[in-house]
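Take a look at the structure set out below.
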Amino acid sequence: MIERQTSMALLEVNNIHAYYGNIHALKGLTFHVEQGEIVTLIGSNGAGKTTTLRAITSLMHPREGTIMFEGKDITHTPANNLPAQGVAMVPEGRGVFAKLTVEENLEMGAYYRNDKDGIREDLEKAYDLFPRLRERRLQVAGTLSGGEQQMLATARALMARPRLLLLDEPSMGLAPVLVETVFDTIERINKEGMTVLLVEQNALLALEVAHRGYVLQTGEIVLADSAAALKQNPEVQKKYLGME
Amino acid sequence: MERDKKSVWRSAIETGLIMGVVLLYLGVIGMFAAFQEREVIYEVVTLGQILIFFPALIGGWMAARRAQKSGAAPVIVMASALVAGAVTAVPTLIMLFINANIENVRDVLVNVNRDWVDMVTFDNRADLLTGTLALLGVLIVSAGVGGVLTLLPKKLRGALMFAGALVLLIGMFGETVRQILQQLVPRETLDTIYRRTSLRLTPAIILFVLGFVGSYFWEVRRNAVTRSYNAMPAPQRTVVQRIGLLIFLVALLALPWIVGRALSDIIVTVGIYVMMGLGLNIAIGLAGLLDLGYVTNYAVGAYVAAVLTSTGALGLTGGQMSFWVVIPIALIAAMITGFILALPILKMRGDYLAIATLGFGEIIGTLAISDWLRPVIGGAQGVLFIPKPNFFGTELVNPEQLYYIVLAACIVTLFVSIRLNNSRIGRTWMAVREDEDVAAAMGIDTARAKLLAFTVSAATGGVAGAIFAAKVGTVFPNSFTVFVSINVLSLIILGGMGSNPGIVLGAIALVGMPELLREFSEFRWLIYGALLIIMMLNRPEGLIPSKVRQRELAAENPPEPAPATSGVTQPAAGD
């Protein structure tokens, strides 16, 4: 891999190895995300995409390798300290608190913060970004549709005022129309300056919005290139885009 | 239409058969015979007879309700109730036939005896045909009553059922009611109401009429009352609420003197369980940690209080230490135990956590009875001579007096529990309960949240244990079995997970009821078990579900266009 860059990237993942019991799930993964980028990790089921996100957020601990965020080593930072460091995640399957209202969910996103005025302000911003959520402000999250829940999970992550947003399979279980909306939103958030690391099985859409992409296969990065180049790559086309 | 009618009959027969099996079962286990002498209303009806009517009545009601729901005409509804009533007789009739023709039924079913035959044939043992007709007649009439009830207007039906239940309860719990009345009315008056523990006919009729009129009046006026209450300006409404609260508090304070000693004793025990329920609810209801070893905290509190205050050989201070000093010590001791025991199990989730905590409960029980700790806590002999609490020179000996300690402790626990639930910590626990990973991603230190939940939850268990020790005066290892944990857990589930009023009701039902049912001897556990099962089938969310749980149930229905929950949510931040 020729991944040496002179300037410091926002997120640098260096040679991480992770295991589930005896299963070697991540075999020396190395990649980086620059400030302002959307980077996507694509690959089939079980390639290690979600595991990579779990490793970054310390929900599992890599046995080897380092993860640097803004130049600081966050490999062993406990998951719950990451929002304060500037990393927020939208978990796979959205993970909204079904019994809380939309607004209460958003407030949970700002859990580590103490600035009430700032939280109020961000709440308004979130509602501006997703007017749908404003309508459903006092509705219980469990009664929202899948698309609305995805919006809520994204908005909730933004409530932590992160500098890096990790998105795990945002298209999962959504109707095609809604998937488009979700990806539009990702692009919009990115245009406003948010750096995004996107893990996605729907490679076509992911490569549509991303600047760069990495292709994962059984715990290893097999391809790394700009999103446009990956889309043209015949192997990617055949394997992940379903083209002949 | 034809198919509908068919299914109406079918379900009537099914319902009848189910109730028939219940009827047969109640007879075969000997319940009719056991209660045939127990008159609910003097010289009118015995509890045993009511047990015969009741399955048919419920069967008739259920069959009629089903018929009604499928849109059948009133005639069909009534007919289906009667059919169900007739079918209810079938299993018992078969047993009668078998009994008449086969010699040795009694070798297996000891209760299928002459008494039973007398009961179900209404004293027509010699003439089985008449007996059969009598049973059929009685059951059909009972089922008919059930059917008629479904056809009545709602308000009338509610009032009738209320009045009936009232008379039945007052008659059934004659002994308890008598004890309460003893404090209030002279003996002569009491004897005109009750003949020993059976209600006399005239007071029963008066009670029925009063109950009916009162209930009907309330049913009719209810809407108007709520409307005028809602129309009141806010300050006035607060006044009404305050007055209501005041009356409630006065009633709470006066309670032990109204109900008398025996009931006060039961209420103290219920109060101890309410405390434990509230405590365990912090772990289970709020933080979602299934703790099956709650007895640990109870035992620690009880033993700490015992050895510190006992005037016996095992007492560390020779009875010098006051109960009031011991309470905070027991609380802290339980919290420390809770904290230490929580450490090794922080990483466990769900079922694994439950099993591990179950283990802790067993360990405590074994330790308490062990020879190793015998010099300190007395092993199987326990700790004796624990003095009663002393309140400014008065020894609180009676349950009526101890009641106030329990009441105060319950109110404090309730207050803390409500405050915790509505606080940031409560929100943290909720997040951990829903999804630990997501909670962590929100910035929540899940390990700390769980540790805190276990520790706080343990505290009230410790206090409950200390009060228990003072109440009973002795502490034995056999008071601290796994059944304490199970009981506390059951009362939480029965009352409604996460709901504080539910816990109080659950404790009354699970701890108080078996005491009140004492006169039903071994059958009370059957009644208790049947009630639990019926409860869980019909109301799995508990007697008084918490708001969050209600929301969850609402979530199973399609979302409503209006913000349906606006009344119950209060955004915490931003003001």
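Labels used: A, B, ... for chains in the order of the structure tokens, numbers from 1 for residues in each chain, and numbers from 1 for ligands as shown.
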
* Any idea what's packed within 10 Å of range 54-59 of chain A, counting only C-alpha atoms, ignoring anything in its chain fewer than 3 positions away? Could you give it as a ChimeraX atom specification? -> /A:11-13,16-18,26,48-51,62-63,66-69,74-83,87-89,91,166,168 /B:437-438,440-441

Mind dumping the selected residues with N, CA, C and O atoms as a compact mmCIF listing (two decimals), in the first residue's frame?
```txt
# COMPACT_ATOMS: atom_id res chain seq x y z
N LEU A 11 -8.04 11.31 10.44
CA LEU A 11 -8.06 9.97 11.05
C LEU A 11 -7.02 9.11 10.35
O LEU A 11 -6.99 9.05 9.12
N GLU A 12 -6.16 8.51 11.13
CA GLU A 12 -5.17 7.61 10.56
C GLU A 12 -5.27 6.25 11.23
O GLU A 12 -5.12 6.14 12.46
N VAL A 13 -5.55 5.24 10.45
CA VAL A 13 -5.60 3.88 10.98
C VAL A 13 -4.37 3.15 10.47
O VAL A 13 -4.15 3.07 9.26
N ILE A 16 -4.02 -2.14 11.80
CA ILE A 16 -4.71 -2.76 12.94
C ILE A 16 -5.10 -4.21 12.65
O ILE A 16 -5.51 -4.57 11.55
N HIS A 17 -4.91 -5.00 13.70
CA HIS A 17 -5.30 -6.41 13.68
C HIS A 17 -6.35 -6.62 14.76
O HIS A 17 -6.13 -6.19 15.89
N ALA A 18 -7.44 -7.25 14.41
CA ALA A 18 -8.46 -7.50 15.43
C ALA A 18 -8.95 -8.93 15.30
O ALA A 18 -8.93 -9.51 14.21
N LEU A 26 -9.58 -8.53 11.27
CA LEU A 26 -8.91 -7.44 10.56
C LEU A 26 -7.43 -7.78 10.48
O LEU A 26 -6.78 -7.98 11.49
N GLY A 48 -15.37 -7.12 7.11
CA GLY A 48 -14.72 -6.46 8.24
C GLY A 48 -15.04 -4.98 8.33
O GLY A 48 -14.37 -4.24 9.06
N LYS A 49 -16.07 -4.54 7.62
CA LYS A 49 -16.39 -3.10 7.60
C LYS A 49 -16.85 -2.62 8.97
O LYS A 49 -16.31 -1.66 9.52
N THR A 50 -17.85 -3.32 9.50
CA THR A 50 -18.37 -2.90 10.80
C THR A 50 -17.32 -3.10 11.90
O THR A 50 -17.18 -2.27 12.79
N THR A 51 -16.56 -4.18 11.79
CA THR A 51 -15.50 -4.42 12.76
C THR A 51 -14.52 -3.24 12.79
O THR A 51 -14.06 -2.82 13.85
N PRO A 62 -8.40 -3.57 19.07
CA PRO A 62 -7.45 -4.23 18.18
C PRO A 62 -6.25 -4.73 18.98
O PRO A 62 -5.84 -4.10 19.95
N ARG A 63 -5.71 -5.88 18.56
CA ARG A 63 -4.57 -6.42 19.30
C ARG A 63 -3.29 -5.70 18.91
O ARG A 63 -2.34 -5.66 19.68
N THR A 66 -2.35 1.11 15.54
CA THR A 66 -2.77 2.33 16.23
C THR A 66 -3.84 3.04 15.41
O THR A 66 -3.92 2.91 14.20
N ILE A 67 -4.66 3.80 16.12
CA ILE A 67 -5.65 4.65 15.48
C ILE A 67 -5.41 6.07 15.98
O ILE A 67 -5.44 6.30 17.20
N MET A 68 -5.12 7.00 15.06
CA MET A 68 -4.83 8.38 15.45
C MET A 68 -5.95 9.28 14.96
O MET A 68 -6.38 9.19 13.81
N PHE A 69 -6.41 10.14 15.84
CA PHE A 69 -7.41 11.13 15.44
C PHE A 69 -6.86 12.50 15.78
O PHE A 69 -6.49 12.75 16.94
N ILE A 74 -5.99 7.38 19.73
CA ILE A 74 -7.27 7.06 20.37
C ILE A 74 -7.53 5.55 20.39
O ILE A 74 -8.64 5.10 20.65
N THR A 75 -6.47 4.77 20.14
CA THR A 75 -6.64 3.32 20.05
C THR A 75 -7.30 2.76 21.32
O THR A 75 -8.15 1.88 21.25
N HIS A 76 -6.87 3.29 22.48
CA HIS A 76 -7.38 2.72 23.72
C HIS A 76 -8.28 3.68 24.48
O HIS A 76 -8.57 3.46 25.63
N THR A 77 -8.68 4.75 23.80
CA THR A 77 -9.63 5.66 24.44
C THR A 77 -10.97 4.94 24.57
O THR A 77 -11.49 4.44 23.58
N PRO A 78 -11.54 4.89 25.77
CA PRO A 78 -12.83 4.20 25.93
C PRO A 78 -13.90 4.81 25.03
O PRO A 78 -13.88 6.02 24.76
N ALA A 79 -14.79 3.97 24.57
CA ALA A 79 -15.82 4.40 23.62
C ALA A 79 -16.54 5.65 24.10
O ALA A 79 -16.82 6.57 23.32
N ASN A 80 -16.82 5.70 25.41
CA ASN A 80 -17.63 6.81 25.89
C ASN A 80 -16.89 8.14 25.94
O ASN A 80 -17.50 9.17 26.16
N ASN A 81 -15.55 8.11 25.76
CA ASN A 81 -14.83 9.38 25.74
C ASN A 81 -14.70 9.96 24.33
O ASN A 81 -14.28 11.09 24.16
N LEU A 82 -15.07 9.16 23.33
CA LEU A 82 -14.87 9.60 21.96
C LEU A 82 -15.74 10.79 21.55
O LEU A 82 -15.25 11.68 20.85
N PRO A 83 -17.02 10.84 21.94
CA PRO A 83 -17.81 12.00 21.53
C PRO A 83 -17.16 13.31 21.96
O PRO A 83 -17.11 14.27 21.18
N VAL A 87 -15.45 12.46 17.83
CA VAL A 87 -15.85 11.36 16.94
C VAL A 87 -17.26 10.91 17.33
O VAL A 87 -17.51 10.59 18.49
N ALA A 88 -18.18 10.91 16.37
CA ALA A 88 -19.53 10.45 16.66
C ALA A 88 -19.90 9.35 15.69
O ALA A 88 -19.44 9.34 14.55
N MET A 89 -20.73 8.43 16.15
CA MET A 89 -21.08 7.30 15.28
C MET A 89 -22.59 7.16 15.14
O MET A 89 -23.34 7.36 16.11
N PRO A 91 -24.79 4.16 14.60
CA PRO A 91 -24.58 2.71 14.59
C PRO A 91 -25.41 1.99 13.54
O PRO A 91 -26.41 2.50 13.05
N LEU A 166 -18.96 8.86 11.84
CA LEU A 166 -18.86 7.49 11.35
C LEU A 166 -20.27 6.97 11.08
O LEU A 166 -21.13 7.02 11.94
N ASP A 168 -22.51 3.73 9.87
CA ASP A 168 -22.48 2.29 9.63
C ASP A 168 -23.74 1.86 8.89
O ASP A 168 -24.82 1.85 9.47
N ASP B 437 -24.08 -0.47 23.62
CA ASP B 437 -23.12 0.06 22.66
C ASP B 437 -23.47 1.47 22.24
O ASP B 437 -22.61 2.35 22.18
N VAL B 438 -24.75 1.67 21.95
CA VAL B 438 -25.17 3.00 21.54
C VAL B 438 -24.97 3.98 22.69
O VAL B 438 -24.51 5.11 22.48
N ALA B 440 -22.72 3.88 24.93
CA ALA B 440 -21.30 4.23 24.96
C ALA B 440 -20.96 5.23 23.86
O ALA B 440 -20.22 6.18 24.07
N ALA B 441 -21.56 5.02 22.70
CA ALA B 441 -21.30 5.93 21.58
C ALA B 441 -21.83 7.33 21.86
O ALA B 441 -21.38 8.30 21.25
```

* To do: Determine which residues of chain A sit within 8 Å of chain B, taking into account only C-alpha atoms, and present them as a PyMOL selection string.
  => chain A and resi 57+59+79-84+88-89+91+95+97-101+103-104+107-112+116-117+119-120+136+138-140+142-144+157+160

* Asked: Which residues come within 9 Å of range 116-132 of chain B, counting only C-alpha atoms, excluding same-chain residues fewer than 5 positions away, as a list in words?
  ->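 Skipping anything fewer than 5 positions along the chain leaves Gly27, Val28, Gly30, Phe32, Ala33, Gln36, Gly48, Gln49, Ile52, Ala89, Thr92, Leu93, Leu96, Phe97, Asn99, Ala100, Asn111 and Gly137 of chain B.
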
Selection from above, all heavy atoms, as a CSV table (one decimal), in the first residue's frame, can you write it?
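Listing of result00.csv after writing:
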```csv
chain,number,residue,atom,x,y,z
B,27,GLY,N,-63.2,-29.4,42.1
B,27,GLY,CA,-63.8,-30.4,42.9
B,27,GLY,C,-62.9,-31.5,43.3
B,27,GLY,O,-62.8,-31.9,44.4
B,28,VAL,N,-62.1,-32.0,42.3
B,28,VAL,CA,-61.2,-33.1,42.5
B,28,VAL,C,-60.1,-32.8,43.5
B,28,VAL,O,-59.6,-33.7,44.2
B,28,VAL,CB,-60.7,-33.6,41.1
B,28,VAL,CG1,-59.5,-34.5,41.3
B,28,VAL,CG2,-61.8,-34.2,40.3
B,30,GLY,N,-60.5,-31.0,45.9
B,30,GLY,CA,-61.1,-30.9,47.3
B,30,GLY,C,-61.5,-29.5,47.7
B,30,GLY,O,-61.8,-29.3,48.9
B,32,PHE,N,-64.2,-27.7,46.9
B,32,PHE,CA,-65.7,-27.6,47.2
B,32,PHE,C,-65.9,-28.0,48.7
B,32,PHE,O,-66.5,-27.4,49.5
B,32,PHE,CB,-66.6,-28.4,46.3
B,32,PHE,CG,-66.5,-28.0,44.9
B,32,PHE,CD1,-66.9,-28.9,43.9
B,32,PHE,CD2,-66.1,-26.7,44.5
B,32,PHE,CE1,-66.9,-28.6,42.6
B,32,PHE,CE2,-66.0,-26.4,43.2
B,32,PHE,CZ,-66.4,-27.3,42.2
B,33,ALA,N,-65.4,-29.2,48.9
B,33,ALA,CA,-65.6,-29.9,50.2
B,33,ALA,C,-65.0,-29.0,51.3
B,33,ALA,O,-65.6,-28.8,52.4
B,33,ALA,CB,-65.0,-31.2,50.2
B,36,GLN,N,-67.3,-26.0,51.9
B,36,GLN,CA,-68.8,-26.0,51.9
B,36,GLN,C,-69.3,-25.6,53.2
B,36,GLN,O,-70.5,-25.2,53.3
B,36,GLN,CB,-69.2,-27.5,51.6
B,36,GLN,CG,-68.9,-28.5,52.6
B,36,GLN,CD,-69.5,-29.8,52.3
B,36,GLN,OE1,-70.5,-29.8,51.6
B,36,GLN,NE2,-69.0,-30.9,52.9
B,48,GLY,N,-68.1,-22.7,48.9
B,48,GLY,CA,-68.0,-23.9,48.1
B,48,GLY,C,-69.0,-23.8,46.9
B,48,GLY,O,-68.7,-24.1,45.8
B,49,GLN,N,-70.2,-23.3,47.2
B,49,GLN,CA,-71.2,-23.1,46.2
B,49,GLN,C,-70.8,-22.1,45.2
B,49,GLN,O,-71.0,-22.2,44.0
B,49,GLN,CB,-72.6,-22.8,46.8
B,49,GLN,CG,-73.2,-24.0,47.5
B,49,GLN,CD,-74.3,-23.6,48.4
B,49,GLN,OE1,-74.4,-22.5,48.9
B,49,GLN,NE2,-75.2,-24.6,48.7
B,52,ILE,N,-68.7,-23.3,42.6
B,52,ILE,CA,-69.4,-24.0,41.6
B,52,ILE,C,-70.0,-23.1,40.6
B,52,ILE,O,-69.9,-23.3,39.4
B,52,ILE,CB,-70.5,-25.0,42.2
B,52,ILE,CG1,-69.8,-26.0,43.1
B,52,ILE,CG2,-71.3,-25.7,41.1
B,52,ILE,CD1,-70.8,-27.0,43.7
B,89,ALA,N,-71.0,-28.3,32.6
B,89,ALA,CA,-71.4,-29.4,33.4
B,89,ALA,C,-70.8,-30.7,33.0
B,89,ALA,O,-70.6,-31.7,33.8
B,89,ALA,CB,-72.9,-29.5,33.5
B,92,THR,N,-67.8,-32.7,34.8
B,92,THR,CA,-68.2,-33.1,36.1
B,92,THR,C,-69.2,-34.2,36.1
B,92,THR,O,-69.1,-35.2,36.8
B,92,THR,CB,-68.8,-31.9,36.9
B,92,THR,OG1,-67.8,-30.9,37.0
B,92,THR,CG2,-69.1,-32.3,38.3
B,93,LEU,N,-70.1,-34.2,35.1
B,93,LEU,CA,-71.1,-35.2,34.9
B,93,LEU,C,-70.4,-36.5,34.6
B,93,LEU,O,-70.8,-37.6,35.1
B,93,LEU,CB,-72.1,-34.9,33.9
B,93,LEU,CG,-73.1,-33.7,34.3
B,93,LEU,CD1,-74.0,-33.4,33.1
B,93,LEU,CD2,-73.8,-34.1,35.5
B,96,LEU,N,-69.1,-37.9,37.6
B,96,LEU,CA,-70.1,-38.5,38.5
B,96,LEU,C,-70.5,-39.9,38.0
B,96,LEU,O,-70.7,-40.8,38.8
B,96,LEU,CB,-71.4,-37.6,38.3
B,96,LEU,CG,-71.6,-36.5,39.4
B,96,LEU,CD1,-72.8,-35.7,39.1
B,96,LEU,CD2,-71.6,-37.1,40.8
B,97,PHE,N,-70.6,-40.0,36.7
B,97,PHE,CA,-71.0,-41.3,36.1
B,97,PHE,C,-69.9,-42.3,36.4
B,97,PHE,O,-70.2,-43.5,36.8
B,97,PHE,CB,-71.1,-41.1,34.5
B,97,PHE,CG,-71.4,-42.3,33.8
B,97,PHE,CD1,-72.7,-42.8,33.8
B,97,PHE,CD2,-70.4,-43.0,33.1
B,97,PHE,CE1,-73.0,-44.0,33.1
B,97,PHE,CE2,-70.7,-44.2,32.4
B,97,PHE,CZ,-72.0,-44.6,32.4
B,99,ASN,N,-67.8,-42.3,38.8
B,99,ASN,CA,-67.8,-42.6,40.2
B,99,ASN,C,-69.0,-43.5,40.6
B,99,ASN,O,-68.8,-44.4,41.5
B,99,ASN,CB,-68.0,-41.3,41.0
B,99,ASN,CG,-68.0,-41.4,42.5
B,99,ASN,OD1,-67.1,-42.1,43.0
B,99,ASN,ND2,-68.9,-40.9,43.2
B,100,ALA,N,-70.1,-43.4,39.9
B,100,ALA,CA,-71.2,-44.2,40.2
B,100,ALA,C,-71.0,-45.7,39.8
B,100,ALA,O,-71.6,-46.6,40.4
B,100,ALA,CB,-72.5,-43.7,39.6
B,111,ASN,N,-60.6,-37.0,46.7
B,111,ASN,CA,-61.7,-36.1,47.0
B,111,ASN,C,-63.0,-36.3,46.2
B,111,ASN,O,-63.9,-35.6,46.4
B,111,ASN,CB,-61.2,-34.7,46.6
B,111,ASN,CG,-60.2,-34.2,47.7
B,111,ASN,OD1,-60.5,-34.2,48.9
B,111,ASN,ND2,-59.0,-33.8,47.2
B,137,GLY,N,-79.0,-27.2,35.7
B,137,GLY,CA,-79.8,-26.0,35.9
B,137,GLY,C,-79.0,-24.9,36.5
B,137,GLY,O,-79.0,-23.8,36.0
```

* Using only C-alpha atoms, determine which residues lie at most 8 Å from Pro91 in chain B, disregarding the query and same-chain residues fewer than 6 positions distant; provide the list as a ChimeraX atom specification. => /B:17,20-21,24

* Per-residue DSSP, range 55-242 of chain A, filtered to helix (DSSP H, G or I), as number ranges by chain -> A: 55-56, 79-85, 102-109, 116-129, 131-135, 141-143, 146-158, 176-191, 203-209, 227-232, 234-239

* Selection: 12 Å around range 510-520 of chain B, only C-alpha atoms, excl. self and same-chain fewer than 4 positions, as a PyMOL selection string -> chain B and resi 30-32+34-35+38+47-48+169+172-177+179+197+262-274+276-277+483-484+486-495+502-506+524-529+531-532+535

* To do: Do a neighbour search on Phe468 in chain B at 12 Å with only C-alpha atoms, toss out local chain neighbours closer than 6 positions, and write the hits as an NGL selection string.
  => :B and (265 or 268-273 or 275-276 or 298-306 or 323 or 327 or 330 or 386-389 or 399 or 402-403 or 405-406 or 461-462 or 474-476 or 479-480)

Produce a file of the selected residues containing N, CA and C atoms, as a short mmCIF file (atom, residue, chain, number, x, y, z; two decimals), in the first residue's frame.
```cif
data_model
loop_
_atom_site.label_atom_id
_atom_site.label_comp_id
_atom_site.auth_asym_id
_atom_site.auth_seq_id
_atom_site.Cartn_x
_atom_site.Cartn_y
_atom_site.Cartn_z
N ASP B 265 -49.43 -5.68 61.06
CA ASP B 265 -48.27 -6.53 60.93
C ASP B 265 -48.03 -6.92 59.47
N VAL B 268 -46.72 -3.94 57.54
CA VAL B 268 -45.29 -3.69 57.74
C VAL B 268 -44.47 -4.59 56.82
N THR B 269 -44.86 -5.86 56.76
CA THR B 269 -44.15 -6.77 55.86
C THR B 269 -44.28 -6.31 54.41
N VAL B 270 -45.49 -5.91 54.03
CA VAL B 270 -45.69 -5.39 52.67
C VAL B 270 -44.77 -4.20 52.44
N GLY B 271 -44.70 -3.30 53.46
CA GLY B 271 -43.85 -2.11 53.32
C GLY B 271 -42.40 -2.47 53.11
N ILE B 272 -41.93 -3.49 53.83
CA ILE B 272 -40.54 -3.92 53.67
C ILE B 272 -40.31 -4.37 52.22
N TYR B 273 -41.30 -5.09 51.69
CA TYR B 273 -41.17 -5.55 50.30
C TYR B 273 -41.32 -4.40 49.31
N MET B 275 -40.19 -1.46 49.79
CA MET B 275 -38.84 -0.86 49.77
C MET B 275 -37.91 -1.67 48.88
N MET B 276 -37.93 -2.98 49.07
CA MET B 276 -37.04 -3.81 48.26
C MET B 276 -37.42 -3.72 46.79
N TYR B 298 -30.60 -7.57 51.43
CA TYR B 298 -31.54 -7.73 52.53
C TYR B 298 -30.83 -8.43 53.70
N ALA B 299 -30.10 -9.50 53.38
CA ALA B 299 -29.41 -10.27 54.41
C ALA B 299 -28.31 -9.42 55.06
N VAL B 300 -27.56 -8.71 54.25
CA VAL B 300 -26.47 -7.89 54.80
C VAL B 300 -27.06 -6.86 55.77
N GLY B 301 -28.12 -6.18 55.34
CA GLY B 301 -28.75 -5.18 56.21
C GLY B 301 -29.25 -5.80 57.50
N ALA B 302 -29.91 -6.95 57.39
CA ALA B 302 -30.48 -7.59 58.57
C ALA B 302 -29.40 -8.04 59.54
N TYR B 303 -28.36 -8.68 59.01
CA TYR B 303 -27.30 -9.19 59.89
C TYR B 303 -26.49 -8.06 60.51
N VAL B 304 -26.23 -7.01 59.74
CA VAL B 304 -25.49 -5.87 60.29
C VAL B 304 -26.28 -5.28 61.44
N ALA B 305 -27.57 -5.05 61.20
CA ALA B 305 -28.41 -4.49 62.26
C ALA B 305 -28.45 -5.43 63.45
N ALA B 306 -28.54 -6.74 63.18
CA ALA B 306 -28.67 -7.71 64.25
C ALA B 306 -27.44 -7.71 65.16
N PHE B 323 -31.09 1.97 67.14
CA PHE B 323 -31.61 1.55 65.84
C PHE B 323 -31.35 2.64 64.79
N ILE B 327 -29.39 2.13 61.10
CA ILE B 327 -29.99 2.24 59.76
C ILE B 327 -28.97 2.75 58.72
N ALA B 330 -26.32 0.07 58.13
CA ALA B 330 -26.82 -1.04 57.31
C ALA B 330 -26.89 -0.62 55.84
N ILE B 386 -32.82 -9.02 69.48
CA ILE B 386 -32.63 -7.73 68.82
C ILE B 386 -33.70 -6.79 69.39
N PRO B 387 -33.28 -5.71 70.03
CA PRO B 387 -34.28 -4.83 70.65
C PRO B 387 -35.10 -4.07 69.62
N LYS B 388 -36.28 -3.63 70.07
CA LYS B 388 -37.13 -2.81 69.20
C LYS B 388 -36.57 -1.40 69.13
N PRO B 389 -36.88 -0.69 68.04
CA PRO B 389 -36.41 0.70 67.95
C PRO B 389 -36.98 1.54 69.08
N PRO B 399 -46.71 -3.52 65.86
CA PRO B 399 -46.67 -3.28 64.41
C PRO B 399 -47.27 -1.93 64.05
N LEU B 402 -44.33 0.33 64.45
CA LEU B 402 -43.28 0.06 63.46
C LEU B 402 -43.70 0.52 62.07
N TYR B 403 -44.99 0.51 61.87
CA TYR B 403 -45.54 0.94 60.58
C TYR B 403 -44.97 2.29 60.15
N ILE B 405 -42.15 3.70 60.85
CA ILE B 405 -40.76 3.61 60.37
C ILE B 405 -40.76 3.16 58.91
N VAL B 406 -41.54 2.10 58.66
CA VAL B 406 -41.59 1.56 57.29
C VAL B 406 -42.16 2.61 56.34
N GLY B 461 -32.27 -2.20 49.95
CA GLY B 461 -32.34 -3.57 50.43
C GLY B 461 -31.75 -3.67 51.83
N GLY B 462 -30.65 -2.96 52.04
CA GLY B 462 -30.00 -2.97 53.36
C GLY B 462 -30.91 -2.39 54.43
N THR B 474 -35.41 -11.39 65.75
CA THR B 474 -34.41 -12.45 65.57
C THR B 474 -34.08 -12.52 64.09
N VAL B 475 -32.88 -12.97 63.77
CA VAL B 475 -32.51 -13.12 62.37
C VAL B 475 -31.97 -14.53 62.16
N PHE B 476 -32.63 -15.26 61.29
CA PHE B 476 -32.21 -16.62 60.98
C PHE B 476 -31.84 -16.73 59.51
N SER B 479 -34.46 -17.00 56.57
CA SER B 479 -35.24 -15.87 56.06
C SER B 479 -34.66 -15.34 54.76
N PHE B 480 -33.48 -15.83 54.40
CA PHE B 480 -32.78 -15.20 53.26
C PHE B 480 -32.54 -16.20 52.15
#
```

* Asked: CA of Ile425 in chain B and CA of Asn281 in chain B are how many Å apart?
  ->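 The value is 14.4 Å.
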
* Find the spatial neighbours of range 182-194 of chain B, counting only C-alpha atoms, within a cut-off of 12 Å - ignore same-chain residues fewer than 6 positions away - and output them as a count of residues only. => 26

* Among the residues A:Lys125, A:Arg132, A:Arg163, A:Lys231, the one that comes closest to Ala206 in chain A [using only C-alpha atoms] -> A:Lys231

* Structure fact -> Atom pair CA of Gln237 in chain A + CA of Gly46 in chain A, distance 19.2 Å

Can you list, as a short mmCIF file (atom, residue, chain, number, x, y, z; two decimals) with N, CA, C and O atoms, in the first residue's frame, every residue of range 190-373 of chain B that DSSP puts in strand (DSSP E or B)?
```cif
data_model
loop_
_atom_site.label_atom_id
_atom_site.label_comp_id
_atom_site.auth_asym_id
_atom_site.auth_seq_id
_atom_site.Cartn_x
_atom_site.Cartn_y
_atom_site.Cartn_z
N TYR B 194 -72.29 -9.60 61.12
CA TYR B 194 -71.65 -10.87 60.85
C TYR B 194 -72.14 -11.94 61.83
O TYR B 194 -72.34 -11.69 63.00
N ARG B 195 -72.30 -13.14 61.31
CA ARG B 195 -72.46 -14.30 62.19
C ARG B 195 -71.11 -14.98 62.12
O ARG B 195 -70.76 -15.55 61.08
N SER B 198 -69.33 -14.95 58.73
CA SER B 198 -70.20 -14.88 57.54
C SER B 198 -71.09 -13.65 57.63
O SER B 198 -71.62 -13.33 58.70
N LEU B 199 -71.22 -13.01 56.50
CA LEU B 199 -72.08 -11.83 56.42
C LEU B 199 -73.53 -12.29 56.57
O LEU B 199 -73.93 -13.31 56.03
#
```

* To do: Figure out the distance between CA of Asn105 in chain A and CA of Leu280 in chain B, please, to one decimal in Å.
  => 25.9 Å

* To do: Would you please work out which residue, of B:Ala356, B:Ala12, B:Ile247, B:Val463, is nearest to Val325 in chain B when using only C-alpha atoms?
  => B:Val463

* Structure fact -> Among A:Gln217, A:Gln232, A:Asn190, A:Asn14, Ser44 in chain A is approached most closely, using only C-alpha atoms, by A:Gln217
